[in-house]
$ cat structure.cif   # mmCIF, C-alpha atoms
data_final
loop_
_atom_site.group_PDB
_atom_site.id
_atom_site.type_symbol
_atom_site.label_atom_id
_atom_site.label_comp_id
_atom_site.auth_asym_id
_atom_site.auth_seq_id
_atom_site.Cartn_x
_atom_site.Cartn_y
_atom_site.Cartn_z
ATOM 1 C CA MET A 1 24.584 154.311 157.191
ATOM 2 C CA THR A 2 28.355 153.857 156.944
ATOM 3 C CA ASP A 3 30.347 157.059 156.974
ATOM 4 C CA GLN A 4 31.910 157.564 153.549
ATOM 5 C CA VAL A 5 35.175 159.301 154.483
ATOM 6 C CA VAL A 6 37.757 157.956 156.945
ATOM 7 C CA GLU A 7 41.019 159.465 158.130
ATOM 8 C CA LEU A 8 43.837 157.153 159.167
ATOM 9 C CA ARG A 9 46.097 159.347 161.280
ATOM 10 C CA GLN A 10 49.603 158.245 162.345
ATOM 11 C CA TYR A 11 51.404 160.521 164.803
ATOM 12 C CA THR A 12 55.051 160.463 165.789
ATOM 13 C CA LEU A 13 55.409 161.634 169.374
ATOM 14 C CA ARG A 14 58.177 162.863 171.613
ATOM 15 C CA PRO A 15 59.767 159.957 173.494
ATOM 16 C CA GLY A 16 57.906 159.041 176.635
ATOM 17 C CA THR A 17 54.812 161.163 175.946
ATOM 18 C CA ARG A 18 52.409 158.677 174.330
ATOM 19 C CA ASP A 19 50.528 157.841 177.519
ATOM 20 C CA THR A 20 50.212 161.554 178.269
ATOM 21 C CA LEU A 21 48.559 162.184 174.905
ATOM 22 C CA ILE A 22 46.306 159.125 175.188
ATOM 23 C CA GLU A 23 45.051 160.176 178.613
ATOM 24 C CA LEU A 24 44.301 163.664 177.292
ATOM 25 C CA PHE A 25 42.726 162.362 174.089
ATOM 26 C CA ASP A 26 40.496 159.825 175.795
ATOM 27 C CA ARG A 27 39.359 162.437 178.315
ATOM 28 C CA GLU A 28 38.899 165.534 176.145
ATOM 29 C CA PHE A 29 38.828 164.709 172.410
ATOM 30 C CA VAL A 30 36.333 161.879 171.965
ATOM 31 C CA GLU A 31 32.854 163.189 172.775
ATOM 32 C CA THR A 32 33.852 166.686 171.681
ATOM 33 C CA GLN A 33 34.583 165.455 168.153
ATOM 34 C CA ASP A 34 31.453 163.300 168.035
ATOM 35 C CA ALA A 35 29.430 166.366 169.031
ATOM 36 C CA VAL A 36 30.341 168.292 165.871
ATOM 37 C CA GLY A 37 29.430 165.599 163.344
ATOM 38 C CA MET A 38 32.393 163.257 163.082
ATOM 39 C CA ARG A 39 32.953 159.875 164.671
ATOM 40 C CA VAL A 40 36.080 158.776 166.527
ATOM 41 C CA ILE A 41 36.410 155.139 165.423
ATOM 42 C CA GLY A 42 39.366 154.144 167.530
ATOM 43 C CA GLN A 43 42.685 155.155 169.001
ATOM 44 C CA PHE A 44 45.683 152.870 169.438
ATOM 45 C CA ARG A 45 49.172 152.284 170.657
ATOM 46 C CA VAL A 46 51.432 150.802 167.951
ATOM 47 C CA GLU A 47 52.908 147.695 169.504
ATOM 48 C CA ALA A 48 56.359 147.865 167.904
ATOM 49 C CA ALA A 49 56.763 151.645 168.025
ATOM 50 C CA PRO A 50 56.531 153.243 171.488
ATOM 51 C CA ASP A 51 56.501 156.762 170.063
ATOM 52 C CA LYS A 52 53.643 156.188 167.589
ATOM 53 C CA PHE A 53 49.948 156.901 168.149
ATOM 54 C CA VAL A 54 47.394 155.870 165.520
ATOM 55 C CA TRP A 55 43.749 156.824 165.367
ATOM 56 C CA LEU A 56 40.834 156.817 162.945
ATOM 57 C CA ARG A 57 37.833 159.079 162.572
ATOM 58 C CA SER A 58 35.061 159.208 160.003
ATOM 59 C CA PHE A 59 32.621 161.623 158.376
ATOM 60 C CA PRO A 60 29.408 161.210 156.382
ATOM 61 C CA ASP A 61 30.965 163.008 153.384
ATOM 62 C CA MET A 62 33.616 165.553 152.432
ATOM 63 C CA GLU A 63 31.308 168.530 152.962
ATOM 64 C CA GLN A 64 30.547 167.454 156.521
ATOM 65 C CA ARG A 65 34.256 166.809 157.090
ATOM 66 C CA GLU A 66 35.072 170.440 156.374
ATOM 67 C CA ARG A 67 32.284 171.696 158.647
ATOM 68 C CA SER A 68 33.128 169.311 161.469
ATOM 69 C CA LEU A 69 36.858 169.991 161.429
ATOM 70 C CA SER A 70 36.284 173.742 161.392
ATOM 71 C CA ALA A 71 33.895 173.451 164.334
ATOM 72 C CA PHE A 72 36.222 171.264 166.389
ATOM 73 C CA TYR A 73 39.501 173.092 165.822
ATOM 74 C CA ASP A 74 37.865 176.454 166.490
ATOM 75 C CA GLY A 75 35.961 174.987 169.427
ATOM 76 C CA PRO A 76 36.579 175.177 173.181
ATOM 77 C CA ALA A 77 38.008 171.691 173.748
ATOM 78 C CA TRP A 78 40.819 172.049 171.223
ATOM 79 C CA VAL A 79 41.521 175.678 172.092
ATOM 80 C CA GLN A 80 41.836 174.788 175.773
ATOM 81 C CA HIS A 81 43.964 171.665 175.372
ATOM 82 C CA ARG A 82 45.872 172.108 172.103
ATOM 83 C CA ALA A 83 49.055 173.357 173.759
ATOM 84 C CA ALA A 84 49.268 170.256 175.947
ATOM 85 C CA ALA A 85 48.506 167.982 172.981
ATOM 86 C CA ARG A 86 51.049 169.654 170.712
ATOM 87 C CA GLU A 87 53.700 169.365 173.401
ATOM 88 C CA THR A 88 53.693 165.597 172.830
ATOM 89 C CA MET A 89 53.818 165.728 169.025
ATOM 90 C CA VAL A 90 56.692 165.625 166.542
ATOM 91 C CA ASP A 91 54.795 164.884 163.311
ATOM 92 C CA THR A 92 51.032 164.742 162.692
ATOM 93 C CA ASP A 93 51.029 164.980 158.875
ATOM 94 C CA ASP A 94 51.040 161.217 158.133
ATOM 95 C CA VAL A 95 47.354 161.037 157.228
ATOM 96 C CA LEU A 96 45.558 158.913 154.647
ATOM 97 C CA LEU A 97 42.119 159.913 153.398
ATOM 98 C CA LEU A 98 40.121 156.735 152.744
ATOM 99 C CA ARG A 99 36.734 155.443 151.623
ATOM 100 C CA PRO A 100 35.192 152.264 153.103
ATOM 101 C CA VAL A 101 34.719 149.224 150.885
ATOM 102 C CA GLY A 102 31.504 147.501 151.905
ATOM 103 C CA ASP A 103 30.511 147.588 155.557
ATOM 104 C CA GLY A 104 32.229 149.932 157.959
ATOM 105 C CA PHE A 105 33.927 149.281 161.272
ATOM 106 C CA PRO A 106 32.301 146.858 163.745
ATOM 107 C CA LEU A 107 32.232 149.180 166.741
ATOM 108 C CA ARG A 108 31.191 148.274 170.271
ATOM 109 C CA ASP A 109 29.792 150.656 172.864
ATOM 110 C CA ARG A 110 32.588 152.963 173.931
ATOM 111 C CA PRO A 111 33.507 152.823 177.632
ATOM 112 C CA LEU A 112 32.440 155.829 179.674
ATOM 113 C CA PRO A 113 34.785 158.753 180.383
ATOM 114 C CA GLY A 114 37.200 157.874 183.130
ATOM 115 C CA SER A 115 37.467 154.224 182.116
ATOM 116 C CA THR A 116 41.025 152.922 182.289
ATOM 117 C CA ALA A 117 40.719 149.172 181.643
ATOM 118 C CA LEU A 118 42.639 148.186 178.529
ATOM 119 C CA PRO A 119 41.077 145.746 176.046
ATOM 120 C CA GLU A 120 42.956 142.527 175.433
ATOM 121 C CA SER A 121 42.309 142.718 171.691
ATOM 122 C CA ARG A 122 44.935 143.526 169.079
ATOM 123 C CA PHE A 123 44.409 144.463 165.452
ATOM 124 C CA LEU A 124 46.617 144.158 162.392
ATOM 125 C CA LEU A 125 46.391 147.132 160.073
ATOM 126 C CA THR A 126 47.878 146.574 156.623
ATOM 127 C CA VAL A 127 48.440 149.242 153.990
ATOM 128 C CA HIS A 128 48.813 147.920 150.430
ATOM 129 C CA TYR A 129 50.468 150.309 147.960
ATOM 130 C CA GLY A 130 49.743 150.274 144.224
ATOM 131 C CA ASP A 131 50.730 152.036 141.009
ATOM 132 C CA GLU A 132 47.125 152.854 140.125
ATOM 133 C CA PRO A 133 43.820 153.174 141.986
ATOM 134 C CA PHE A 134 42.548 150.056 143.695
ATOM 135 C CA THR A 135 39.031 148.858 143.008
ATOM 136 C CA ASP A 136 36.676 147.300 145.534
ATOM 137 C CA ALA A 137 37.402 143.941 143.885
ATOM 138 C CA PHE A 138 40.907 143.926 145.371
ATOM 139 C CA ALA A 139 39.270 142.644 148.568
ATOM 140 C CA ASP A 140 38.407 139.407 146.747
ATOM 141 C CA SER A 141 42.088 138.711 146.087
ATOM 142 C CA LEU A 142 43.056 138.762 149.761
ATOM 143 C CA GLU A 143 43.928 135.461 151.406
ATOM 144 C CA TYR A 144 42.374 136.559 154.687
ATOM 145 C CA GLU A 145 39.072 138.083 155.802
ATOM 146 C CA PRO A 146 39.467 141.594 157.212
ATOM 147 C CA LEU A 147 37.027 143.227 159.579
ATOM 148 C CA VAL A 148 36.997 146.222 157.258
ATOM 149 C CA CYS A 149 38.572 147.357 153.985
ATOM 150 C CA LEU A 150 39.219 150.892 152.786
ATOM 151 C CA ARG A 151 40.791 152.447 149.710
ATOM 152 C CA SER A 152 42.077 155.871 148.749
ATOM 153 C CA GLU A 153 39.669 158.787 148.706
ATOM 154 C CA TYR A 154 40.817 161.163 145.968
ATOM 155 C CA ALA A 155 38.648 164.180 146.784
ATOM 156 C CA ALA A 156 40.531 167.417 147.352
ATOM 157 C CA ASN A 157 41.445 168.184 150.932
ATOM 158 C CA THR A 158 39.200 171.150 151.704
ATOM 159 C CA PHE A 159 40.539 171.594 155.251
ATOM 160 C CA THR A 160 44.105 172.520 154.410
ATOM 161 C CA ALA A 161 45.072 173.302 158.003
ATOM 162 C CA LEU A 162 45.400 169.525 158.355
ATOM 163 C CA PRO A 163 47.539 168.063 155.533
ATOM 164 C CA VAL A 164 46.866 164.632 154.050
ATOM 165 C CA ARG A 165 49.089 162.425 151.910
ATOM 166 C CA GLU A 166 48.271 162.907 148.243
ATOM 167 C CA GLY A 167 49.183 161.147 145.009
ATOM 168 C CA GLU A 168 49.246 157.658 146.540
ATOM 169 C CA HIS A 169 47.118 154.605 145.807
ATOM 170 C CA VAL A 170 46.427 152.493 148.884
ATOM 171 C CA PHE A 171 44.122 149.724 150.035
ATOM 172 C CA VAL A 172 43.901 149.368 153.816
ATOM 173 C CA THR A 173 42.672 146.366 155.787
ATOM 174 C CA VAL A 174 42.033 145.920 159.504
ATOM 175 C CA GLU A 175 41.713 142.460 161.036
ATOM 176 C CA ASN A 176 42.000 140.722 164.370
ATOM 177 C CA PHE A 177 45.694 140.013 164.915
ATOM 178 C CA ALA A 178 46.476 136.301 164.882
ATOM 179 C CA GLY A 179 50.021 136.703 166.197
ATOM 180 C CA VAL A 180 52.012 136.539 162.957
ATOM 181 C CA LEU A 181 52.948 139.276 160.497
ATOM 182 C CA ARG A 182 52.792 138.359 156.823
ATOM 183 C CA GLY A 183 55.315 140.780 155.383
ATOM 184 C CA GLY A 184 55.322 141.137 151.618
ATOM 185 C CA ALA A 185 56.341 143.646 149.001
ATOM 186 C CA ARG A 186 54.680 147.046 148.954
ATOM 187 C CA THR A 187 52.821 146.573 152.203
ATOM 188 C CA GLU A 188 53.084 148.242 155.597
ATOM 189 C CA GLU A 189 51.864 146.424 158.712
ATOM 190 C CA MET A 190 51.124 147.711 162.195
ATOM 191 C CA VAL A 191 49.907 145.819 165.241
ATOM 192 C CA LEU A 192 47.522 148.090 167.124
ATOM 193 C CA ARG A 193 46.464 147.922 170.768
ATOM 194 C CA PRO A 194 43.254 149.838 171.549
ATOM 195 C CA THR A 195 43.273 152.449 174.288
ATOM 196 C CA SER A 196 40.788 152.158 177.136
ATOM 197 C CA ARG A 197 38.162 154.255 175.313
ATOM 198 C CA SER A 198 38.632 153.111 171.731
ATOM 199 C CA GLY A 199 35.404 152.321 169.899
ATOM 200 C CA LEU A 200 37.171 149.617 167.890
ATOM 201 C CA ARG A 201 38.217 147.244 170.644
#

$ encode --input "structure.cif" --output "C-alpha cells"
Amino acid sequence: MTDQVVELRQYTLRPGTRDTLIELFDREFVETQDAVGMRVIGQFRVEAAPDKFVWLRSFPDMEQRERSLSAFYDGPAWVQHRAAARETMVDTDDVLLLRPVGDGFPLRDRPLPGSTALPESRFLLTVHYGDEPFTDAFADSLEYEPLVCLRSEYAANTFTALPVREGEHVFVTVENFAGVLRGGARTEEMVLRPTSRSGLR
C-alpha cells in the first residue's frame, strides 16, 4: 500500500559541506529511519545549487508520522550524529507536507551500506503553486507524464519540533529529466541527482 504522507525536505547547507552530509546521511540515517516506521524515498544533490540537499520520506499516515519521528529523533542514531549533521546545515525548515495522487514512487532496491557508485539518472521535480487547493484532476491537465504526483496535505503538523510550510497550495510532480526546463509562471523546478543510496534512482 502506498504511504499516504510524504515530506519534501529542502535543506540549505554551509558552503562545501554537502558531500559531508550526504556521506553521513547515506551511512547513518537510512536504515535507522526505516526501522522506526517511515520510509526514506530518496536523497539528492540539486544540480544547479551546490549548497542544497533535497530528500523525501514517507509515512503510512499522520499518526504513524508522529510516532516515527519521535522514535527517530530521540533514538541513538540521531543523538550520536546530530551534532555532525547540524554542523553542515543553515536552514532545514523548507518542508512541504504532501499526499500522493495515485500510485507512489517507483523505487528500486536500495544499494547496500557502503555503496558509492552514483546513478546516472536525473529527475525533474516541479512545484506548482495555486490560490486554492489542487484536486487530483490537476494531473490530467499536465502536458507530460510524471513518475509520481503529490499535492498538499493539510493535516496539522503534530511533530512541531520539525516545522513545515503551512498555508500554501501546491501540486508536485517528479519525472525523468529530459534535459530541458520548462519554466512557467508560479512553478519551481529543480533537477535532482540521486545519491549513491537513494531509493529513487

$ resolve_selection --input "structure.cif" --expression "the PyMOL selection byres ((chain A and resi 168) around 12)" --output "list in words"
Val95, Leu96, Leu97, Leu98, Val127, His128, Tyr129, Gly130, Asp131, Glu132, Pro133, Phe134, Arg151, Ser152, Glu153, Tyr154, Val164, Arg165, Glu166, Gly167, His169, Val170 and Phe171 of chain A

$ resolve_selection --input "structure.cif" --expression "the PyMOL selection byres ((chain A and resi 63-65) around 10)" --output "PyMOL selection string"
chain A and resi 5-6+36-38+58-62+66-71+157-159

$ residues_around --input "structure.cif" --residues "segment 184-200 of chain A" --least-positions-apart "6" --cutoff "10 Å" --atoms "only C-alpha atoms" --output "ChimeraX atom specification"
/A:19,22-23,25-27,30,39-49,53-56,105-130,170-177

$ axis_aligned_box --input "structure.cif" --around "segment 130-141 of chain A" --padding-each-side "4 Å" --output "AutoDock Vina command-line options"
--center_x 43.7 --center_y 145.9 --center_z 144.3 --size_x 22.1 --size_y 22.5 --size_z 16.4

$ atom_distance --input "structure.cif" --atom1 "atom CA of Phe29 of chain A" --atom2 "atom CA of Ala84 of chain A"
12.3 Å

$ atom_distance --input "structure.cif" --atom1 "atom CA of Leu147 of chain A" --atom2 "atom CA of Gly102 of chain A"
10.4 Å

$ atom_distance --input "structure.cif" --atom1 "atom CA of Val101 of chain A" --atom2 "atom CA of Thr135 of chain A"
9.0 Å

$ closest_residue --input "structure.cif" --among "A:Gly179, A:Pro163, A:Pro100, A:Pro50" --to "Thr17 of chain A" --atoms "only C-alpha atoms"
A:Pro50

$ residues_around --input "structure.cif" --residues "Asp51 of chain A" --least-positions-apart "6" --cutoff "10 Å" --atoms "only C-alpha atoms" --output "list in words"
Tyr11, Thr12, Leu13, Arg14, Pro15, Gly16, Thr17, Arg18, Asp19, Arg45, Thr88, Met89 and Val90 of chain A

$ closest_residue --input "structure.cif" --among "A:Asp94, A:Glu143, A:Glu7, A:Glu28" --to "His81 of chain A" --atoms "only C-alpha atoms"
A:Glu28
